[in-house]
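Structure data (compact mmCIF, C-alpha atoms) from run25.txt:
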# COMPACT_ATOMS: atom_id res chain seq x y z
CA MET A 1 13.77 70.47 -13.75
CA ALA A 2 16.19 72.63 -11.70
CA THR A 3 13.30 74.55 -10.19
CA SER A 4 11.57 71.31 -9.09
CA LYS A 5 14.76 70.07 -7.45
CA VAL A 6 15.22 73.33 -5.60
CA LEU A 7 11.62 73.25 -4.40
CA GLY A 8 12.05 69.64 -3.29
CA ASP A 9 15.20 70.47 -1.36
CA MET A 10 13.48 73.42 0.28
CA ARG A 11 10.56 71.18 1.28
CA ASP A 12 12.89 68.55 2.79
CA GLU A 13 14.61 71.25 4.83
CA ALA A 14 11.21 72.30 6.24
CA ILE A 15 10.26 68.76 7.42
CA CYS A 16 10.93 67.46 10.94
CA PRO A 17 12.72 64.07 10.81
CA ILE A 18 10.76 62.85 13.85
CA CYS A 19 7.13 63.70 13.05
CA LEU A 20 7.72 63.98 9.27
CA ASP A 21 5.60 67.14 9.17
CA PHE A 22 6.41 70.84 8.69
CA PHE A 23 8.35 72.30 11.60
CA THR A 24 6.45 73.68 14.56
CA HIS A 25 8.66 75.96 16.64
CA PRO A 26 11.82 74.67 14.97
CA VAL A 27 15.02 74.38 17.01
CA THR A 28 18.58 73.47 16.07
CA ILE A 29 20.62 71.12 18.29
CA ASP A 30 24.41 71.07 18.71
CA CYS A 31 25.00 68.73 15.76
CA GLY A 32 23.28 71.18 13.44
CA HIS A 33 20.06 69.14 12.82
CA ASN A 34 16.66 70.80 13.01
CA PHE A 35 13.59 69.44 14.83
CA CYS A 36 10.24 70.63 16.14
CA GLN A 37 10.76 71.88 19.66
CA GLY A 38 8.04 69.57 21.01
CA CYS A 39 9.40 66.53 19.13
CA ILE A 40 12.98 66.80 20.33
CA LEU A 41 11.97 67.63 23.89
CA GLY A 42 9.67 64.60 23.89
CA TYR A 43 12.49 62.26 22.83
CA TRP A 44 14.89 63.83 25.27
CA ALA A 45 12.39 63.42 28.14
CA PRO A 46 13.75 60.79 30.65
CA GLN A 47 10.78 58.39 30.61
CA ARG A 48 9.89 58.71 26.89
CA GLY A 49 13.21 57.83 25.13
CA LYS A 50 13.99 54.90 27.42
CA GLY A 51 10.45 53.62 27.16
CA LEU A 52 10.52 53.62 23.37
CA LEU A 53 13.86 51.82 23.40
CA GLU A 54 12.61 49.24 25.89
CA LYS A 55 9.53 48.73 23.76
CA ALA A 56 11.71 48.18 20.71
CA VAL A 57 13.91 45.75 22.65
CA TYR A 58 10.85 43.87 23.90
CA SER A 59 9.47 43.63 20.37
CA LEU A 60 12.76 42.27 19.04
CA GLN A 61 13.00 39.78 21.92
CA LYS A 62 9.50 38.52 21.20
CA GLN A 63 10.35 38.10 17.55
CA MET A 64 13.54 36.25 18.51
CA GLU A 65 11.47 33.95 20.74
CA ALA A 66 9.07 33.36 17.85
CA MET A 67 12.04 32.58 15.60
CA CYS A 68 13.41 30.07 18.13
CA ALA A 69 10.00 28.45 18.54
CA SER A 70 9.57 28.25 14.77
CA GLN A 71 13.05 26.79 14.43
CA LYS A 72 12.25 24.12 17.04
CA GLU A 73 8.99 23.30 15.24
CA GLU A 74 10.84 22.82 11.95
CA GLU A 75 13.49 20.68 13.65
CA ALA A 76 10.74 18.64 15.34
CA ASP A 77 9.09 18.18 11.94
CA ILE A 78 12.38 16.86 10.56
CA LYS A 79 12.60 14.39 13.47
CA THR A 80 8.98 13.32 12.98
CA LEU A 81 9.54 12.92 9.25
CA ASN A 82 12.66 10.81 9.81
CA GLN A 83 10.90 8.59 12.35
CA GLN A 84 7.88 8.13 10.09
CA ALA A 85 10.06 7.34 7.07
CA LYS A 86 12.11 4.89 9.16
CA GLY A 87 8.96 3.10 10.31
CA LEU A 88 7.53 2.94 6.79
CA ARG A 89 10.82 1.65 5.37
CA LYS A 90 10.85 -1.04 8.05
CA ASN A 91 7.26 -1.98 7.19
CA ILE A 92 8.05 -2.17 3.45
CA ALA A 93 11.16 -4.25 4.10
CA SER A 94 9.26 -6.61 6.40
CA LYS A 95 6.43 -7.23 3.93
CA PHE A 96 8.71 -7.78 0.94
CA ASP A 97 11.18 -9.85 2.96
CA GLN A 98 8.35 -12.32 3.54
CA LEU A 99 7.72 -12.47 -0.19
CA HIS A 100 11.44 -12.76 -0.98
CA GLN A 101 11.91 -15.55 1.56
CA PHE A 102 8.86 -17.36 0.26
CA LEU A 103 10.00 -17.11 -3.37
CA HIS A 104 13.57 -18.12 -2.51
CA GLN A 105 12.28 -21.14 -0.61
CA GLU A 106 9.95 -22.04 -3.48
CA GLU A 107 12.87 -21.82 -5.91
CA LYS A 108 15.10 -23.87 -3.60
CA ASP A 109 12.45 -26.56 -3.09
CA LEU A 110 11.79 -26.83 -6.82
CA LYS A 111 15.49 -27.10 -7.67
CA THR A 112 15.94 -29.72 -4.93
CA LYS A 113 13.03 -31.75 -6.30
CA LEU A 114 14.49 -31.50 -9.82
CA GLN A 115 17.90 -32.66 -8.55
CA GLN A 116 16.34 -35.59 -6.69
CA ASN A 117 14.45 -36.66 -9.80
CA GLU A 118 17.61 -36.34 -11.90
CA GLU A 119 19.69 -38.36 -9.43
CA SER A 120 17.01 -41.07 -9.14
CA ILE A 121 16.81 -41.53 -12.91
CA LEU A 122 20.59 -41.37 -13.25
CA GLN A 123 21.01 -44.09 -10.61
CA LYS A 124 18.65 -46.42 -12.49
CA ILE A 125 20.45 -45.79 -15.77
CA LYS A 126 23.79 -46.57 -14.11
CA GLU A 127 22.34 -49.84 -12.78
CA ASN A 128 21.35 -50.75 -16.35
CA LEU A 129 24.88 -49.90 -17.52
CA ASN A 130 26.33 -52.19 -14.87
CA LYS A 131 24.05 -55.04 -16.00
CA ILE A 132 25.13 -54.49 -19.60
CA SER A 133 28.79 -54.38 -18.57
CA GLU A 134 28.51 -57.67 -16.68
CA GLN A 135 26.94 -59.39 -19.70
CA GLN A 136 29.49 -57.79 -21.98
CA VAL A 137 32.36 -59.26 -19.98
CA ALA A 138 30.80 -62.76 -20.11
CA PHE A 139 30.10 -62.47 -23.84
CA GLU A 140 33.63 -61.28 -24.58
CA ARG A 141 35.05 -64.18 -22.59
CA THR A 142 32.91 -66.71 -24.50
CA LEU A 143 33.72 -65.08 -27.86
CA THR A 144 37.43 -65.15 -27.12
CA GLU A 145 37.25 -68.82 -26.22
CA MET A 146 35.34 -69.66 -29.42
CA GLN A 147 37.78 -67.70 -31.58
CA ARG A 148 40.66 -69.57 -29.91
CA ARG A 149 38.95 -72.95 -30.60
CA LEU A 150 38.78 -72.11 -34.27
CA THR A 151 42.59 -72.07 -34.39
CA LEU A 152 43.03 -75.53 -32.82
CA GLN A 153 43.60 -78.84 -34.53
CA GLU A 154 40.57 -81.04 -34.98
CA ALA A 155 41.25 -83.29 -31.96
CA GLU A 156 41.72 -80.33 -29.66
CA PHE A 157 38.91 -78.45 -31.39
CA LEU A 158 36.31 -81.16 -30.63
CA LYS A 159 37.35 -81.54 -27.02
CA GLY A 160 34.54 -80.10 -24.87
CA ILE A 161 32.88 -78.50 -27.92
CA ASN A 162 29.35 -79.16 -26.63
CA CYS A 163 29.98 -77.08 -23.53
CA ILE A 164 31.30 -74.24 -25.63
CA LEU A 165 28.33 -74.41 -27.97
CA ASP A 166 25.93 -74.37 -25.03
CA ARG A 167 27.50 -71.11 -23.87
CA ALA A 168 27.04 -69.64 -27.33
CA VAL A 169 23.24 -69.88 -27.25
CA VAL A 170 22.98 -67.46 -24.30
CA GLN A 171 20.96 -64.36 -25.29
CA PHE A 172 21.66 -60.74 -24.37
CA LYS A 173 19.19 -59.61 -21.72
CA LYS A 174 18.55 -55.98 -22.57
CA PRO A 175 17.59 -54.05 -19.43
CA THR A 176 14.35 -52.10 -19.34
CA ARG A 177 14.87 -48.56 -20.58
CA ILE A 178 14.49 -45.89 -17.94
CA SER A 179 12.44 -42.85 -18.85
CA THR A 180 14.47 -39.65 -18.77
CA ASP A 181 11.35 -37.54 -18.38
CA LEU A 182 12.07 -35.16 -15.50
CA GLY A 183 8.49 -33.98 -15.39
CA PRO A 184 8.13 -30.77 -17.45
CA GLY A 185 4.75 -30.26 -15.87
CA ASP A 186 6.48 -29.72 -12.52
CA PHE A 187 9.46 -27.73 -13.73
CA ASN A 188 8.46 -26.11 -17.01
CA GLY A 189 4.82 -25.25 -16.36
CA PRO A 190 3.28 -21.95 -15.25
CA LEU A 191 5.79 -21.65 -12.41
CA GLN A 192 5.04 -18.01 -11.63
CA PHE A 193 1.30 -18.65 -11.44
CA ILE A 194 1.82 -21.73 -9.24
CA ALA A 195 4.10 -19.77 -6.89
CA TRP A 196 1.65 -16.86 -6.86
CA LYS A 197 -1.25 -19.16 -5.90
CA ARG A 198 0.81 -20.61 -3.06
CA MET A 199 1.84 -17.08 -2.07
CA LEU A 200 -1.77 -16.17 -1.33
CA LYS A 201 -1.41 -17.66 2.13
CA LEU A 202 0.97 -14.79 2.95
CA ILE A 203 -1.53 -12.08 2.07
CA ASP A 204 -2.53 -10.01 5.09
CA PRO A 205 -5.19 -8.83 5.36
CA VAL A 206 -7.32 -11.29 3.46
CA PRO A 207 -10.16 -9.39 1.72
CA ALA A 208 -13.15 -9.38 4.06
CA ALA A 209 -16.58 -10.73 3.10
CA LEU A 210 -19.17 -8.16 4.19
CA SER A 211 -22.94 -7.76 4.19
CA LEU A 212 -25.06 -4.65 4.72
CA ASP A 213 -27.17 -4.16 7.83
CA PRO A 214 -30.77 -3.35 6.78
CA ASN A 215 -31.52 -2.02 10.28
CA THR A 216 -29.15 0.90 9.67
CA ALA A 217 -30.29 1.81 6.13
CA HIS A 218 -31.98 5.17 5.50
CA PRO A 219 -35.61 4.67 4.34
CA ARG A 220 -34.70 5.90 0.84
CA LEU A 221 -32.12 3.13 0.44
CA VAL A 222 -33.09 -0.21 -1.12
CA LEU A 223 -30.96 -3.26 -0.31
CA SER A 224 -30.68 -6.42 -2.40
CA ASP A 225 -31.83 -9.76 -1.01
CA ALA A 226 -28.21 -10.81 -0.54
CA GLN A 227 -27.58 -7.55 1.37
CA THR A 228 -24.50 -6.73 -0.72
CA ARG A 229 -26.05 -4.07 -2.97
CA VAL A 230 -27.71 -0.73 -2.16
CA ARG A 231 -29.44 1.75 -4.45
CA PHE A 232 -31.06 5.14 -3.95
CA GLY A 233 -34.84 4.76 -4.16
CA ASP A 234 -37.40 7.23 -5.49
CA LEU A 235 -39.55 7.15 -2.35
CA LYS A 236 -39.11 6.45 1.33
CA GLN A 237 -39.90 2.87 2.30
CA GLN A 238 -42.16 1.88 5.15
CA VAL A 239 -39.54 0.38 7.46
CA PRO A 240 -39.30 0.11 11.26
CA ASP A 241 -37.78 3.23 12.78
CA THR A 242 -35.12 1.41 14.77
CA ALA A 243 -32.64 3.22 16.97
CA TRP A 244 -29.86 2.18 14.59
CA ARG A 245 -31.48 3.50 11.41
CA PHE A 246 -30.10 6.65 9.75
CA THR A 247 -32.84 9.16 9.01
CA ASN A 248 -30.79 12.23 8.09
CA TRP A 249 -28.05 10.98 5.76
CA HIS A 250 -28.57 8.30 3.11
CA ILE A 251 -26.22 5.93 4.91
CA VAL A 252 -26.07 2.18 5.46
CA LEU A 253 -23.45 0.37 7.53
CA ALA A 254 -22.13 -3.16 7.22
CA CYS A 255 -23.12 -5.82 9.73
CA GLN A 256 -19.46 -6.50 10.47
CA GLY A 257 -17.48 -4.11 12.67
CA PHE A 258 -13.80 -4.02 13.58
CA ASN A 259 -12.02 -2.89 16.73
CA THR A 260 -8.67 -4.52 16.08
CA GLY A 261 -6.44 -5.74 13.27
CA ARG A 262 -6.09 -4.96 9.55
CA HIS A 263 -8.96 -5.36 7.10
CA LEU A 264 -9.56 -4.87 3.37
CA TRP A 265 -12.76 -4.79 1.31
CA ALA A 266 -14.03 -3.39 -1.98
CA VAL A 267 -17.04 -1.33 -3.09
CA GLU A 268 -18.11 -1.02 -6.70
CA VAL A 269 -19.49 2.48 -7.36
CA GLY A 270 -19.97 2.17 -11.12
CA LYS A 271 -21.44 5.30 -12.71
CA ASN A 272 -22.95 6.58 -9.45
CA SER A 273 -22.16 10.30 -9.19
CA THR A 274 -23.05 10.97 -5.53
CA TRP A 275 -21.56 8.63 -2.98
CA ALA A 276 -19.33 8.25 0.06
CA VAL A 277 -17.29 5.15 0.93
CA GLY A 278 -15.31 4.59 4.12
CA VAL A 279 -15.88 3.73 7.79
CA ALA A 280 -17.89 5.12 10.70
CA LYS A 281 -17.72 4.54 14.44
CA GLY A 282 -20.66 2.72 15.98
CA SER A 283 -21.80 5.73 18.00
CA VAL A 284 -22.14 8.06 15.00
CA PRO A 285 -25.48 9.99 15.18
CA ARG A 286 -28.41 8.25 13.47
CA LYS A 287 -31.38 10.62 13.91
CA LYS A 288 -30.00 14.13 14.22
CA ASP A 289 -28.15 16.14 11.61
CA PHE A 290 -24.37 16.09 11.81
CA SER A 291 -21.35 16.68 9.63
CA PRO A 292 -20.08 13.28 8.44
CA ASP A 293 -16.41 14.01 9.01
CA PRO A 294 -13.64 12.62 11.24
CA LYS A 295 -14.71 14.83 14.16
CA SER A 296 -18.10 13.09 14.11
CA GLY A 297 -16.57 9.65 13.59
CA VAL A 298 -16.80 9.26 9.80
CA TRP A 299 -13.74 8.71 7.63
CA ALA A 300 -14.87 8.53 4.00
CA LEU A 301 -14.03 9.56 0.46
CA TRP A 302 -16.85 11.44 -1.29
CA ARG A 303 -17.91 12.01 -4.86
CA LEU A 304 -20.21 14.97 -5.36
CA LYS A 305 -21.01 15.08 -9.09
CA GLU A 306 -17.62 15.79 -10.70
CA GLU A 307 -15.77 16.55 -7.46
CA TYR A 308 -13.94 14.05 -5.29
CA THR A 309 -13.34 15.30 -1.76
CA THR A 310 -13.04 14.50 1.95
CA PRO A 311 -15.14 16.42 4.52
CA THR A 312 -12.25 17.33 6.80
CA THR A 313 -11.51 20.64 8.56
CA THR A 314 -10.20 22.13 5.32
CA ARG A 315 -12.24 20.52 2.57
CA THR A 316 -10.37 20.47 -0.70
CA ALA A 317 -11.11 18.82 -4.02
CA LEU A 318 -8.91 15.82 -4.77
CA ARG A 319 -7.30 15.58 -8.18
CA LEU A 320 -7.69 11.96 -9.20
CA PRO A 321 -6.13 10.75 -12.47
CA THR A 322 -9.20 8.65 -13.29
CA LYS A 323 -12.75 8.20 -12.05
CA PRO A 324 -12.57 4.99 -10.01
CA ARG A 325 -15.32 2.46 -10.69
CA LYS A 326 -14.32 0.26 -7.78
CA LEU A 327 -12.78 1.30 -4.48
CA ALA A 328 -10.66 -0.73 -2.08
CA VAL A 329 -10.84 0.30 1.58
CA TYR A 330 -7.99 -0.60 3.96
CA LEU A 331 -8.35 -0.29 7.72
CA ASP A 332 -5.43 -0.67 10.13
CA TYR A 333 -7.11 -0.18 13.49
CA GLU A 334 -4.04 -0.09 15.72
CA ALA A 335 -2.18 2.25 13.35
CA GLY A 336 -5.20 4.56 13.12
CA GLN A 337 -5.24 4.41 9.35
CA VAL A 338 -8.01 4.33 6.76
CA SER A 339 -6.77 4.31 3.15
CA LEU A 340 -8.73 4.22 -0.08
CA TYR A 341 -7.46 2.89 -3.40
CA ASP A 342 -8.63 2.45 -6.97
CA ALA A 343 -9.24 -1.30 -6.78
CA ASP A 344 -8.45 -1.86 -10.47
CA ASP A 345 -4.75 -1.06 -10.08
CA MET A 346 -4.54 -0.35 -6.31
CA SER A 347 -3.36 3.20 -6.91
CA HIS A 348 -3.61 5.27 -3.72
CA LEU A 349 -6.41 7.85 -3.52
CA TYR A 350 -6.44 9.17 0.06
CA THR A 351 -5.45 8.25 3.62
CA PHE A 352 -6.96 9.30 6.95
CA THR A 353 -4.93 9.03 10.14
CA ASP A 354 -6.60 9.23 13.53
CA ARG A 355 -6.92 7.50 16.88
CA PHE A 356 -9.71 4.94 17.05
CA THR A 357 -11.33 4.11 20.38
CA GLU A 358 -14.45 2.14 19.42
CA LYS A 359 -15.68 -0.35 16.85
CA LEU A 360 -15.66 0.86 13.23
CA TYR A 361 -18.15 -0.23 10.56
CA PRO A 362 -17.80 -0.05 6.76
CA LEU A 363 -20.00 2.82 5.52
CA LEU A 364 -21.79 3.37 2.20
CA LEU A 365 -23.72 6.51 1.25
CA THR A 366 -25.54 7.15 -2.01
CA GLY A 367 -27.71 9.91 -3.36
CA CYS A 368 -27.80 8.88 -7.01
CA SER A 369 -30.16 6.37 -8.62
CA LEU A 370 -28.01 6.04 -11.75
CA ASP A 371 -26.10 3.09 -10.33
CA SER A 372 -26.08 1.06 -7.12
CA LEU A 373 -23.19 0.58 -4.73
CA ASN A 374 -22.06 -3.03 -4.44
CA LEU A 375 -19.91 -4.89 -1.94
CA VAL A 376 -17.67 -7.03 -4.15
CA SER A 377 -14.80 -9.45 -3.71
CA LEU A 378 -11.33 -8.27 -4.55
CA GLN A 379 -9.93 -10.44 -7.35
CA ILE A 380 -6.55 -11.85 -6.38
Let's see the structure in the file written out as C-alpha cells.
Amino acid sequence: MATSKVLGDMRDEAICPICLDFFTHPVTIDCGHNFCQGCILGYWAPQRGKGLLEKAVYSLQKQMEAMCASQKEEEADIKTLNQQAKGLRKNIASKFDQLHQFLHQEEKDLKTKLQQNEESILQKIKENLNKISEQQVAFERTLTEMQRRLTLQEAEFLKGINCILDRAVVQFKKPTRISTDLGPGDFNGPLQFIAWKRMLKLIDPVPAALSLDPNTAHPRLVLSDAQTRVRFGDLKQQVPDTAWRFTNWHIVLACQGFNTGRHLWAVEVGKNSTWAVGVAKGSVPRKKDFSPDPKSGVWALWRLKEEYTTPTTTRTALRLPTKPRKLAVYLDYEAGQVSLYDADDMSHLYTFTDRFTEKLYPLLLTGCSLDSLNLVSLQI
C-alpha cells in the first residue's frame, strides 16, 4: 500500500498540469511549480493567453444570453398560460351563468305561479267565509229574537208572531266549496326533467344532422341508401372517377361543410378496429398520396388495431381509459379548435388547435369490414 502511494506521488510530480502528460523539457517558475517548457511559454505568449481568456469570456457570455433567452421563454409561457386559463375560466363562467340564470328564472316563475294559485284559491275561500259570516249574523239576530219571545207573556208573545215565524223558515245557503288543489302536476311533477327539456333551447351548438357525400367516397367504401353509414367493401366498386373522389385513402367526407361557428356531431365506430374520425379542409388531396395530418389539412383521431393516435409531427399513442364505441366531434371554427369526446359520457379524448382558413368537412376513414361507421344523432 505504501509503495503504491509513493509511486502515485512520484507519477503526479512527473505530470505537467497544463498538458497532463509527462514533462518535456521541464522548467520551474518563481512560485515553485513545474511545467513543460513549451506549455508554459505558450500560455505566457501575448496573443495565446489573452485569446484563451477572451474565448472563455465569449463562451460564458453566450451561455448567459442563452440563460436570459430561456428565462424569457419560461416567463412568456407563464403569461400565455395565465391568459389561456383566464379565457377558459371566462368561457366556463359564461356558459354556466346562462344555465344558472335560466334555472333561477325557472324556479322564480314556478314559485310565482304557485303563489298566484294559492292567493286565488285563498281569496275565494275568504269570500265564502264572508258569505257564511253574513248569514250567521242574520241567523243569530233571528234566534235571539225568538228566544226573547219565549220569555214574554202570551199577549206580547202573539204580537207579530207570524212575521217571526216567517223568518225562522229561512235556510242556510252553504257556499260552494272551493278546491284547494294547487296542481301537483305543475309543482310536484318531474320538475328537473321539465326544466331540462326547456333548457335545451340554450344548448349551443345544437348537434348537426349530417349526410355523407358519395362523390368523395373511395371506391372500396360502400354507403347506405340514407348516406349516413359507410363500410369497407371487399372489392372496388365501379364508380365515376370524379375530381372530388379519394383514390388513395379510404376516406369519405360529409356533404355539409363549415367555415364559421361552432358545430357538434357524432360517429358510431362500434367494433371497427381501423378508422379515423375528424375534419378535413376542402382542398385536401384526393388523387395523390399524402400524409393525413394537420399539415395536409386533416385533423382526426385514429384507431389502428389496438392503438389510438393522432398523425401529428410527433405521433404518440394515446392512453384512453376505454375503447369508445361512439365519438362526438366538436368544431369551433373561429377558435381553431377540433375536439373529440367519448359520446357516451362526453369524456375528453383529444383536442387539435390550429388556424383554419377554408371550409372544413367532417371526415370518416375506415379500413375494417368488421363494423361500419355511422353518423348518428347525439341523444340529449
**Message:** Please list as a list in words every residue within 12 Å of A:Pro240, counting all atoms listed in the file and excluding residues in the same chain fewer than 2 positions away.
**Reply:**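 Near A:Pro240, the qualifying residues are Pro214, Asn215, Thr216, Ala217, His218, Pro219, Lys236, Gln237, Gln238, Thr242, Ala243, Trp244, Arg245, Phe246 and Thr247 of chain A.
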**Item:** Long-range neighbours of stretch 193-201 of chain A as a ChimeraX atom specification, 10 Å cut-off, all atoms listed in the file, 4 positions minimum in chain
**Value:** /A:98-99,102-103,106-107,186,189,206,380
**Message:** I want to know what sits within 12 Å of A:Ala138, based on all atoms listed in the file, with residues of the same chain fewer than 4 positions away left out; could you give that as a list in words?
**Reply:** Lys131, Ile132, Ser133, Glu134, Thr142, Leu143, Thr144, Glu145, Arg167, Ala168, Val170, Gln171 and Phe172 of chain A
Residue selection dump (C-alpha atoms) as a tab-separated table (two decimals), in the frame of the given file:
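Below is the file that was written, selection_22.tsv:
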chain	number	residue	atom	x	y	z
A	131	LYS	CA	24.05	-55.04	-16.00
A	132	ILE	CA	25.13	-54.49	-19.60
A	133	SER	CA	28.79	-54.38	-18.57
A	134	GLU	CA	28.51	-57.67	-16.68
A	142	THR	CA	32.91	-66.71	-24.50
A	143	LEU	CA	33.72	-65.08	-27.86
A	144	THR	CA	37.43	-65.15	-27.12
A	145	GLU	CA	37.25	-68.82	-26.22
A	167	ARG	CA	27.50	-71.11	-23.87
A	168	ALA	CA	27.04	-69.64	-27.33
A	170	VAL	CA	22.98	-67.46	-24.30
A	171	GLN	CA	20.96	-64.36	-25.29
A	172	PHE	CA	21.66	-60.74	-24.37
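Between A:Gly185 and the candidates A:Leu150, A:Ile92, A:Leu158, A:Leu114, the tightest atom-to-atom separation, counting all atoms listed in the file, involves A:Leu114.
Here atom CA of A:Lys326 stands at a distance of 5.6 Å from atom CA of A:Val269.
The interatomic distance for the pair atom CA of A:His263 and atom CA of A:Leu320 works out to 23.8 Å.
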**Request:** Find the residue from A:Gln147, A:Ser296, A:Gln256, A:Gln192 that sits nearest to A:Ile164; use all atoms listed in the file when measuring.
**Result:**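 Among the listed residues, A:Gln147 lies closest to A:Ile164.
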**Request:** Go through A:Asp293, A:Pro175, A:Glu75, A:Gly183 one by one, measure the shortest atom-to-atom distance of each to A:Glu127 using only C-alpha atoms, and give the residue with the smallest value.
**Result:**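 Among the listed residues, A:Pro175 lies closest to A:Glu127.
Among the candidates A:Thr316, A:Asn259, A:Gln116, A:Ser283, the residue lying nearest to A:Phe356 is A:Asn259 (atoms considered: all atoms listed in the file).
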**Prompt:** Which is closest to A:Gln123 among A:Ala328, A:Val57, A:Ile178, A:Ile18, if we use all atoms listed in the file?
**Reply:**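 Comparing A:Ala328, A:Val57, A:Ile178, A:Ile18 against A:Gln123, the winner is A:Ile178.
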